[in-house]
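Structure file upload_31.cif (mmCIF, C-alpha atoms and all ligand atoms) follows.
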```
data_input
loop_
_atom_site.label_atom_id
_atom_site.label_comp_id
_atom_site.auth_asym_id
_atom_site.auth_seq_id
_atom_site.Cartn_x
_atom_site.Cartn_y
_atom_site.Cartn_z
CA ALA E 1217 67.98 -45.95 31.66
CA LYS E 1218 64.38 -45.89 32.92
CA ALA E 1219 63.42 -48.72 30.55
CA ASP E 1220 65.98 -50.98 32.23
CA GLY E 1221 64.42 -52.73 35.20
CA ARG E 1222 67.63 -52.99 37.23
CA ASN E 1223 68.49 -49.37 36.71
CA THR E 1224 65.00 -48.39 37.76
CA ILE E 1225 65.49 -50.26 41.02
CA CYS E 1226 68.85 -48.53 41.60
CA LEU E 1227 67.26 -45.17 40.92
CA PHE E 1228 64.47 -45.71 43.40
CA LEU E 1229 66.34 -47.47 46.19
CA PRO E 1230 67.80 -44.31 47.80
CA GLU E 1231 64.37 -42.72 47.79
CA MET E 1232 62.88 -45.77 49.44
CA GLN E 1233 65.60 -45.74 52.08
CA ALA E 1234 64.95 -42.07 52.67
CA ALA E 1235 61.25 -42.79 53.09
CA VAL E 1236 61.98 -45.60 55.55
CA SER E 1237 64.30 -43.50 57.68
CA ALA E 1238 61.94 -40.51 57.57
CA ARG E 1239 59.25 -42.84 58.84
CA SER E 1240 61.35 -44.19 61.67
CA ALA E 1241 62.38 -40.66 62.65
CA LEU E 1242 58.70 -39.71 62.78
CA GLU E 1243 57.97 -42.86 64.78
CA GLY E 1244 60.72 -42.01 67.29
CA ASP E 1245 59.31 -38.52 67.73
CA LEU E 1246 55.76 -39.83 68.01
CA ARG E 1247 56.91 -42.21 70.75
CA GLN E 1248 58.02 -39.21 72.83
CA SER E 1249 55.24 -36.83 71.89
CA LEU E 1250 53.14 -37.43 75.01
CA GLN E 1251 56.03 -37.10 77.51
CA HIS E 1252 57.07 -33.92 75.69
CA ASP E 1253 53.58 -32.50 75.98
CA GLU E 1254 53.27 -32.02 72.24
CA MET E 1255 49.75 -33.36 71.77
CA LEU E 1256 46.78 -31.01 71.84
CA LEU E 1257 43.06 -31.50 71.50
CA TYR E 1258 41.16 -29.18 69.21
CA TYR E 1259 37.38 -29.03 69.26
CA GLN E 1260 35.06 -28.53 66.31
CA PRO E 1261 31.43 -27.41 66.78
CA VAL E 1262 28.52 -29.74 66.07
CA VAL E 1263 25.27 -27.79 65.68
CA ASN E 1264 21.56 -28.51 65.42
CA GLU E 1265 18.96 -27.28 62.88
CA ASP E 1266 18.98 -23.80 64.44
CA ALA E 1267 22.77 -23.65 64.26
CA HIS E 1268 22.92 -23.94 68.06
CA LEU E 1269 25.96 -25.65 69.48
CA THR E 1270 25.11 -29.06 70.91
CA GLY E 1271 28.58 -30.51 71.20
CA VAL E 1272 32.01 -30.82 69.68
CA GLU E 1273 34.25 -33.38 68.08
CA ALA E 1274 37.68 -33.72 69.67
CA LEU E 1275 40.40 -33.71 67.02
CA LEU E 1276 44.00 -34.50 67.84
CA ARG E 1277 46.84 -32.13 66.93
CA TRP E 1278 50.55 -32.83 67.21
CA HIS E 1279 52.66 -29.75 67.69
CA HIS E 1280 56.17 -30.92 66.85
CA PRO E 1281 59.00 -28.54 67.89
CA GLN E 1282 60.68 -28.70 64.46
CA ARG E 1283 58.02 -29.93 62.08
CA GLY E 1284 55.27 -27.64 63.36
CA MET E 1285 51.70 -28.90 63.31
CA VAL E 1286 51.63 -32.46 62.04
CA SER E 1287 48.25 -33.51 60.64
CA PRO E 1288 46.49 -36.47 62.21
CA ALA E 1289 46.10 -37.83 58.66
CA GLU E 1290 49.89 -38.16 58.74
CA PHE E 1291 50.46 -39.63 62.20
CA ILE E 1292 47.30 -41.59 63.08
CA PRO E 1293 48.06 -44.36 60.55
CA LEU E 1294 51.62 -44.60 61.91
CA ALA E 1295 50.31 -44.57 65.49
CA GLU E 1296 47.99 -47.45 64.59
CA GLN E 1297 50.72 -49.52 62.94
CA THR E 1298 53.10 -49.08 65.86
CA GLY E 1299 50.56 -49.49 68.65
CA LEU E 1300 51.27 -45.93 69.86
CA ILE E 1301 47.59 -45.23 69.27
CA LEU E 1302 46.93 -47.04 72.57
CA PRO E 1303 48.63 -44.51 74.90
CA ILE E 1304 47.70 -41.62 72.60
CA GLY E 1305 44.07 -42.72 72.41
CA GLN E 1306 43.96 -43.09 76.18
CA TRP E 1307 45.33 -39.56 76.57
CA VAL E 1308 42.59 -38.26 74.25
CA LEU E 1309 39.92 -40.00 76.32
CA GLU E 1310 41.31 -38.60 79.59
CA MET E 1311 41.50 -35.06 78.16
CA ALA E 1312 38.00 -35.17 76.68
CA CYS E 1313 36.52 -36.51 79.92
CA ALA E 1314 38.32 -33.84 81.97
CA GLN E 1315 36.87 -31.21 79.62
CA LEU E 1316 33.37 -32.62 80.03
CA ALA E 1317 33.76 -32.51 83.81
CA ALA E 1318 34.89 -28.86 83.61
CA TRP E 1319 31.96 -27.98 81.33
CA ALA E 1320 29.54 -29.63 83.75
CA GLN E 1321 30.39 -26.86 86.24
CA GLN E 1322 28.79 -24.13 84.14
CA ALA E 1323 25.23 -23.62 82.96
CA ASP E 1324 26.25 -22.50 79.46
CA THR E 1325 28.34 -25.58 78.74
CA ARG E 1326 26.68 -28.25 80.90
CA GLY E 1327 24.68 -29.78 78.03
CA LEU E 1328 27.53 -30.07 75.54
CA SER E 1329 28.76 -33.47 74.44
CA ILE E 1330 32.19 -34.47 73.17
CA ALA E 1331 32.72 -36.97 70.38
CA VAL E 1332 36.01 -38.86 70.56
CA ASN E 1333 37.50 -40.80 67.65
CA VAL E 1334 38.42 -44.37 68.52
CA SER E 1335 40.69 -46.32 66.21
CA ALA E 1336 39.98 -49.95 65.41
CA ARG E 1337 43.11 -51.07 67.19
CA GLN E 1338 42.13 -49.21 70.34
CA PHE E 1339 38.61 -50.64 70.28
CA ARG E 1340 39.91 -54.19 69.79
CA HIS E 1341 42.17 -53.99 72.83
CA PRO E 1342 40.85 -56.35 75.55
CA ASP E 1343 40.90 -53.51 78.10
CA PHE E 1344 39.04 -51.00 75.95
CA VAL E 1345 35.83 -50.95 78.00
CA ARG E 1346 37.78 -50.47 81.24
CA GLN E 1347 39.87 -47.72 79.66
CA VAL E 1348 36.74 -45.76 78.80
CA THR E 1349 34.97 -46.34 82.10
CA GLY E 1350 38.26 -45.56 83.89
CA ALA E 1351 38.59 -42.18 82.17
CA LEU E 1352 34.96 -41.40 82.98
CA GLY E 1353 35.36 -42.43 86.61
CA ARG E 1354 38.62 -40.54 87.21
CA SER E 1355 37.20 -37.32 85.76
CA GLY E 1356 33.68 -37.54 87.09
CA ALA E 1357 32.35 -36.78 83.59
CA SER E 1358 28.81 -37.83 82.77
CA PRO E 1359 28.89 -40.86 80.43
CA GLN E 1360 25.80 -39.46 78.65
CA ARG E 1361 27.94 -36.59 77.36
CA LEU E 1362 30.57 -38.85 75.80
CA LYS E 1363 30.17 -40.12 72.25
CA LEU E 1364 32.60 -42.54 70.71
CA GLU E 1365 33.14 -42.44 66.96
CA ILE E 1366 34.02 -45.77 65.44
CA THR E 1367 34.60 -46.57 61.78
CA GLU E 1368 33.63 -49.34 59.46
CA THR E 1369 37.19 -50.76 59.55
CA LEU E 1370 36.14 -52.23 62.91
CA LEU E 1371 33.75 -54.51 61.10
CA LEU E 1372 36.68 -56.68 60.07
CA SER E 1373 36.66 -58.20 63.55
CA SER E 1374 33.99 -60.47 64.94
CA VAL E 1375 30.57 -58.86 65.24
CA GLU E 1376 29.93 -60.63 68.56
CA ASP E 1377 33.01 -58.94 70.07
CA ILE E 1378 32.00 -55.57 68.75
CA VAL E 1379 28.40 -55.87 69.89
CA ALA E 1380 29.50 -57.02 73.36
CA LYS E 1381 31.77 -53.99 73.85
CA LEU E 1382 29.23 -51.55 72.47
CA ALA E 1383 26.57 -53.01 74.76
CA GLN E 1384 28.76 -52.76 77.87
CA LEU E 1385 29.53 -49.10 77.23
CA LYS E 1386 25.99 -48.27 76.20
CA ALA E 1387 24.84 -49.77 79.49
CA VAL E 1388 26.76 -47.03 81.35
CA GLY E 1389 25.33 -44.34 79.05
CA VAL E 1390 28.06 -43.80 76.42
CA GLY E 1391 26.80 -43.16 72.87
CA PHE E 1392 28.22 -44.46 69.59
CA SER E 1393 28.52 -42.94 66.13
CA LEU E 1394 29.56 -44.70 62.96
CA ASP E 1395 32.03 -42.29 61.37
CA ASP E 1396 32.74 -41.77 57.65
CA PHE E 1397 29.59 -43.69 56.87
CA GLY E 1398 29.35 -44.90 53.29
CA THR E 1399 33.08 -45.07 52.60
CA GLY E 1400 33.86 -48.47 54.10
CA TYR E 1401 32.72 -52.02 54.44
CA SER E 1402 29.49 -51.89 56.34
CA SER E 1403 26.55 -53.86 55.13
CA LEU E 1404 22.99 -53.19 56.11
CA ALA E 1405 22.97 -56.47 58.03
CA TYR E 1406 25.81 -55.21 60.25
CA LEU E 1407 24.18 -51.88 60.69
CA LYS E 1408 21.06 -53.51 62.08
CA ARG E 1409 23.03 -55.61 64.56
CA LEU E 1410 25.16 -52.84 66.04
CA PRO E 1411 23.61 -50.83 68.86
CA LEU E 1412 24.54 -47.45 67.38
CA ASP E 1413 23.04 -44.03 68.10
CA GLN E 1414 24.28 -42.07 65.15
CA LEU E 1415 25.75 -42.11 61.64
CA LYS E 1416 28.10 -39.47 60.33
CA ILE E 1417 27.78 -38.79 56.61
CA ASP E 1418 31.28 -38.60 55.23
CA GLN E 1419 32.41 -35.21 53.99
CA SER E 1420 33.28 -36.65 50.58
CA PHE E 1421 29.53 -37.00 49.90
CA VAL E 1422 28.65 -33.61 51.33
CA ARG E 1423 31.33 -31.80 49.32
CA ASP E 1424 29.64 -32.28 45.93
CA VAL E 1425 26.07 -32.77 47.10
CA LEU E 1426 24.92 -29.76 45.06
CA THR E 1427 26.69 -30.69 41.83
CA ASP E 1428 27.04 -34.47 41.73
CA PRO E 1429 23.72 -36.34 41.43
CA ASN E 1430 25.36 -39.56 42.67
CA ASP E 1431 26.59 -37.94 45.87
CA ALA E 1432 23.18 -36.32 46.35
CA ALA E 1433 21.51 -39.73 45.95
CA ILE E 1434 23.89 -41.30 48.46
CA VAL E 1435 23.20 -38.53 50.98
CA ARG E 1436 19.43 -38.91 50.61
CA THR E 1437 19.72 -42.69 50.92
CA ILE E 1438 21.76 -42.44 54.12
CA LEU E 1439 19.22 -39.99 55.59
CA ALA E 1440 16.31 -42.27 54.72
CA LEU E 1441 18.12 -45.32 56.06
CA ALA E 1442 18.95 -43.58 59.33
CA GLU E 1443 15.37 -42.47 59.71
CA SER E 1444 14.06 -46.00 59.30
CA LEU E 1445 16.66 -47.43 61.69
CA ASP E 1446 15.97 -44.63 64.17
CA LEU E 1447 19.54 -43.31 64.09
CA GLN E 1448 20.59 -39.67 64.34
CA VAL E 1449 22.70 -38.28 61.52
CA VAL E 1450 25.49 -35.72 61.56
CA ALA E 1451 26.57 -34.35 58.18
CA GLU E 1452 30.30 -33.61 58.11
CA GLY E 1453 32.21 -31.11 56.02
CA VAL E 1454 29.39 -28.58 55.62
CA GLU E 1455 31.15 -25.54 54.17
CA VAL E 1456 28.49 -23.51 52.37
CA ALA E 1457 24.88 -22.53 53.01
CA GLY E 1458 23.66 -24.39 49.91
CA GLN E 1459 24.90 -27.69 51.32
CA LEU E 1460 23.19 -26.94 54.62
CA ASP E 1461 19.91 -26.13 52.86
CA TYR E 1462 20.01 -29.33 50.85
CA LEU E 1463 20.77 -31.47 53.90
CA ARG E 1464 18.06 -29.77 55.95
CA ARG E 1465 15.46 -30.21 53.23
CA HIS E 1466 16.18 -33.93 53.24
CA GLY E 1467 15.79 -34.31 56.98
CA CYS E 1468 19.29 -33.90 58.37
CA LYS E 1469 19.26 -32.32 61.84
CA ALA E 1470 22.89 -32.07 62.90
CA PHE E 1471 25.84 -30.51 61.15
CA GLN E 1472 29.56 -30.06 61.40
CA GLY E 1473 31.90 -28.15 59.12
CA TYR E 1474 33.75 -24.94 58.41
CA LEU E 1475 30.42 -23.12 57.88
CA PHE E 1476 29.93 -23.35 61.66
CA GLY E 1477 33.52 -23.44 62.83
CA ARG E 1478 36.90 -25.00 62.33
CA PRO E 1479 38.56 -27.17 64.97
CA VAL E 1480 40.05 -24.80 67.59
CA PRO E 1481 41.66 -24.97 71.04
CA VAL E 1482 39.02 -25.00 73.77
CA GLU E 1483 39.66 -21.34 74.73
CA GLU E 1484 38.70 -20.27 71.21
CA LEU E 1485 35.45 -22.19 71.12
CA VAL E 1486 32.63 -19.67 70.91
CA ILE E 1487 29.86 -20.58 73.31
CA THR E 1488 27.49 -17.63 73.04
CA PRO E 1489 24.05 -17.74 74.66
CA ALA E 1490 22.59 -18.09 71.15
CA MET E 1491 24.62 -21.25 70.71
CA ARG E 1492 23.73 -22.71 74.09
CA GLY E 1493 23.30 -26.48 73.94
CA VAL E 1494 20.09 -28.34 74.49
CA ARG E 1495 19.53 -29.60 78.01
P1 LIG J 1 37.42 -37.40 60.93
O1 LIG J 1 37.11 -38.10 62.19
O2 LIG J 1 36.58 -37.72 59.74
O3 LIG J 1 37.38 -35.86 61.28
C1 LIG J 1 36.89 -34.87 60.43
C2 LIG J 1 38.00 -34.19 59.68
O4 LIG J 1 37.43 -33.26 58.75
C3 LIG J 1 38.91 -33.35 60.57
O5 LIG J 1 40.22 -33.42 60.01
C4 LIG J 1 38.33 -31.95 60.42
O6 LIG J 1 39.26 -30.93 60.70
C5 LIG J 1 37.95 -31.97 58.98
N1 LIG J 1 36.87 -31.04 58.67
C6 LIG J 1 35.89 -30.61 59.49
N2 LIG J 1 35.05 -29.78 58.87
C7 LIG J 1 35.49 -29.66 57.59
C8 LIG J 1 35.02 -28.93 56.45
O7 LIG J 1 34.02 -28.21 56.48
N3 LIG J 1 35.75 -29.08 55.30
C9 LIG J 1 36.85 -29.86 55.23
N4 LIG J 1 37.50 -29.93 54.06
N5 LIG J 1 37.32 -30.57 56.29
C10 LIG J 1 36.64 -30.47 57.47
P2 LIG J 1 41.50 -33.63 60.95
O8 LIG J 1 41.30 -32.86 62.22
O9 LIG J 1 42.68 -33.32 60.09
O10 LIG J 1 41.45 -35.15 61.30
C11 LIG J 1 41.66 -36.12 60.31
C12 LIG J 1 41.33 -37.50 60.80
O11 LIG J 1 42.26 -37.92 61.79
C13 LIG J 1 39.95 -37.59 61.47
O12 LIG J 1 38.96 -37.66 60.49
C14 LIG J 1 40.13 -38.88 62.28
O13 LIG J 1 39.94 -39.99 61.45
C15 LIG J 1 41.60 -38.81 62.67
N6 LIG J 1 41.69 -38.35 64.06
C16 LIG J 1 41.68 -37.08 64.54
N7 LIG J 1 41.78 -37.08 65.89
C17 LIG J 1 41.83 -38.37 66.28
C18 LIG J 1 41.92 -39.04 67.55
O14 LIG J 1 41.94 -38.45 68.63
N8 LIG J 1 41.96 -40.42 67.53
C19 LIG J 1 41.90 -41.13 66.36
N9 LIG J 1 41.94 -42.47 66.41
N10 LIG J 1 41.81 -40.54 65.16
C20 LIG J 1 41.76 -39.18 65.11
CA CA J 2 35.37 -38.45 63.46
CA CA J 3 34.49 -38.44 59.63
CA CA J 4 32.20 -36.87 44.82
#
```
Since I need it in another form, could you write the structure as structure tokens?
Ligand code: C2E
Ligand code: CA
Ligand code: CA
Ligand code: CA
Amino acid sequence: AKADGRNTICLFLPEMQAAVSARSALEGDLRQSLQHDEMLLYYQPVVNEDAHLTGVEALLRWHHPQRGMVSPAEFIPLAEQTGLILPIGQWVLEMACAQLAAWAQQADTRGLSIAVNVSARQFRHPDFVRQVTGALGRSGASPQRLKLEITETLLLSSVEDIVAKLAQLKAVGVGFSLDDFGTGYSSLAYLKRLPLDQLKIDQSFVRDVLTDPNDAAIVRTILALAESLDLQVVAEGVEVAGQLDYLRRHGCKAFQGYLFGRPVPVEELVITPAMRGVR
């Protein structure tokens, strides 16, 4: 029966319908997730060469009453397709800025920064700059402590638009990282034109840096490139000491990964004096 094209279609149709209705059920739930208070922000440590905490990355978690924790890998793409990323992304910005304002009240946490992921759709929205400055203004957070992580998928829109928005936000003190660097579309020409502060080496290159000579070469190339363009680098997905050693030896100065800490709710973030951020 499988060899027969029509039968194959009949066999797969119910599965496809099931997938479509599962998706629209998820979409319906996602639409209500904010009103139902189901979204949470987790924070993952970013450390310097001495393994001192300098900041965190905010990572979204959806705690669904029936499904349990739904991974952002599962709902962010859906949120982008449906436009729900706009209210959700705004919520993330407001939460992160409120956290920065709370941290500014205490000596131990005052210097910490928060990196917030911004989806291409969110960035492209005509009100994006005002949404960011609005969240900063309402919370009283220092713009210098906020970093926005953008990805290479952005580069599909006009460079002039991107540069204009980056410049407006940089003018108030907000920093920008290019996330998942090396996995997307960016060309060196783009990289030179964008007023970025930082590149994040994608974890797929860090994972096999000790065993795969190609990944090691890519990592070294990114570090050399960043150095010559005067960009900071954060290596993501650092899980073992050997990876850290390798990255350090090749000039990397900031790290993120399970070796230093998993994403956790803010109460579980360990901010010991030894991990105190730089001023
Ligand atoms: P990302 O921005 O590349 O975030 C890093 C991901 O790597 C996180 O997955 C983090 O938990 C995971 N990770 C960190 N350290 C390690 C490690 O040592 N080993 C391994 N194997 N993984 C590590 P997570 O939290 O599941 O997030 C997945 C993606 O969802 C993020 O990738 C980001 O693209 C997106 N995302 C998360 N929060 C937001 C958000 O607020 N807004 C938007 N637009 N996207 C978000
Ligand atoms: Ca990120
Ligand atoms: Ca990343
Ligand atoms: Ca690999």
Which residues are near E:Phe1291? Cut-off 12 Å, all atoms listed in the file, ignore same chain within fewer than 6 positions. Put them as a PDB file with C-alpha atoms, keeping the file's coordinate frame.
```pdb
ATOM      1  CA  ARG E1239      59.250 -42.840  58.840  1.00  0.00           C
ATOM      2  CA  SER E1240      61.350 -44.190  61.670  1.00  0.00           C
ATOM      3  CA  ALA E1241      62.380 -40.660  62.650  1.00  0.00           C
ATOM      4  CA  LEU E1242      58.700 -39.710  62.780  1.00  0.00           C
ATOM      5  CA  GLU E1243      57.970 -42.860  64.780  1.00  0.00           C
ATOM      6  CA  GLY E1244      60.720 -42.010  67.290  1.00  0.00           C
ATOM      7  CA  ASP E1245      59.310 -38.520  67.730  1.00  0.00           C
ATOM      8  CA  LEU E1246      55.760 -39.830  68.010  1.00  0.00           C
ATOM      9  CA  ARG E1247      56.910 -42.210  70.750  1.00  0.00           C
ATOM     10  CA  SER E1249      55.240 -36.830  71.890  1.00  0.00           C
ATOM     11  CA  MET E1255      49.750 -33.360  71.770  1.00  0.00           C
ATOM     12  CA  LEU E1276      44.000 -34.500  67.840  1.00  0.00           C
ATOM     13  CA  ARG E1277      46.840 -32.130  66.930  1.00  0.00           C
ATOM     14  CA  TRP E1278      50.550 -32.830  67.210  1.00  0.00           C
ATOM     15  CA  HIS E1279      52.660 -29.750  67.690  1.00  0.00           C
ATOM     16  CA  HIS E1280      56.170 -30.920  66.850  1.00  0.00           C
ATOM     17  CA  MET E1285      51.700 -28.900  63.310  1.00  0.00           C
ATOM     18  CA  GLN E1297      50.720 -49.520  62.940  1.00  0.00           C
ATOM     19  CA  THR E1298      53.100 -49.080  65.860  1.00  0.00           C
ATOM     20  CA  GLY E1299      50.560 -49.490  68.650  1.00  0.00           C
ATOM     21  CA  LEU E1300      51.270 -45.930  69.860  1.00  0.00           C
ATOM     22  CA  ILE E1301      47.590 -45.230  69.270  1.00  0.00           C
ATOM     23  CA  ILE E1304      47.700 -41.620  72.600  1.00  0.00           C
TER      24      ILE E1304
END
```
Ligand CA 3 (chain J) neighbours within 6 Å using only C-alpha atoms and all ligand atoms, as a ChimeraX atom specification
/E:1395-1396,1418
Could you list the protein, DNA and RNA residues that have any atom within 10 Å of ligand CA 2 (chain J), counting only C-alpha atoms and all ligand atoms, and write them as a VMD selection string?
chain E and resid 1273 to 1275 1331 to 1335 1364 to 1367 1393 to 1396 1416 1418 1452
Selection as a list in words: residues within 7 Å of ligand CA 4 (chain J) by all atoms listed in the file:
Ser1420, Phe1421, Arg1423, Asp1424, Asp1428 and Asp1431 of chain E
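Atom CA of E:Gly1305 sits 14.1 Å away from atom CA of E:Lys1363.
For E:Gly1458, the set of protein, DNA and RNA residues having any atom at most 8 Å away, when counting only C-alpha atoms and skipping those fewer than 3 positions along the same chain, is E:Leu1426, E:Asp1461, E:Tyr1462.
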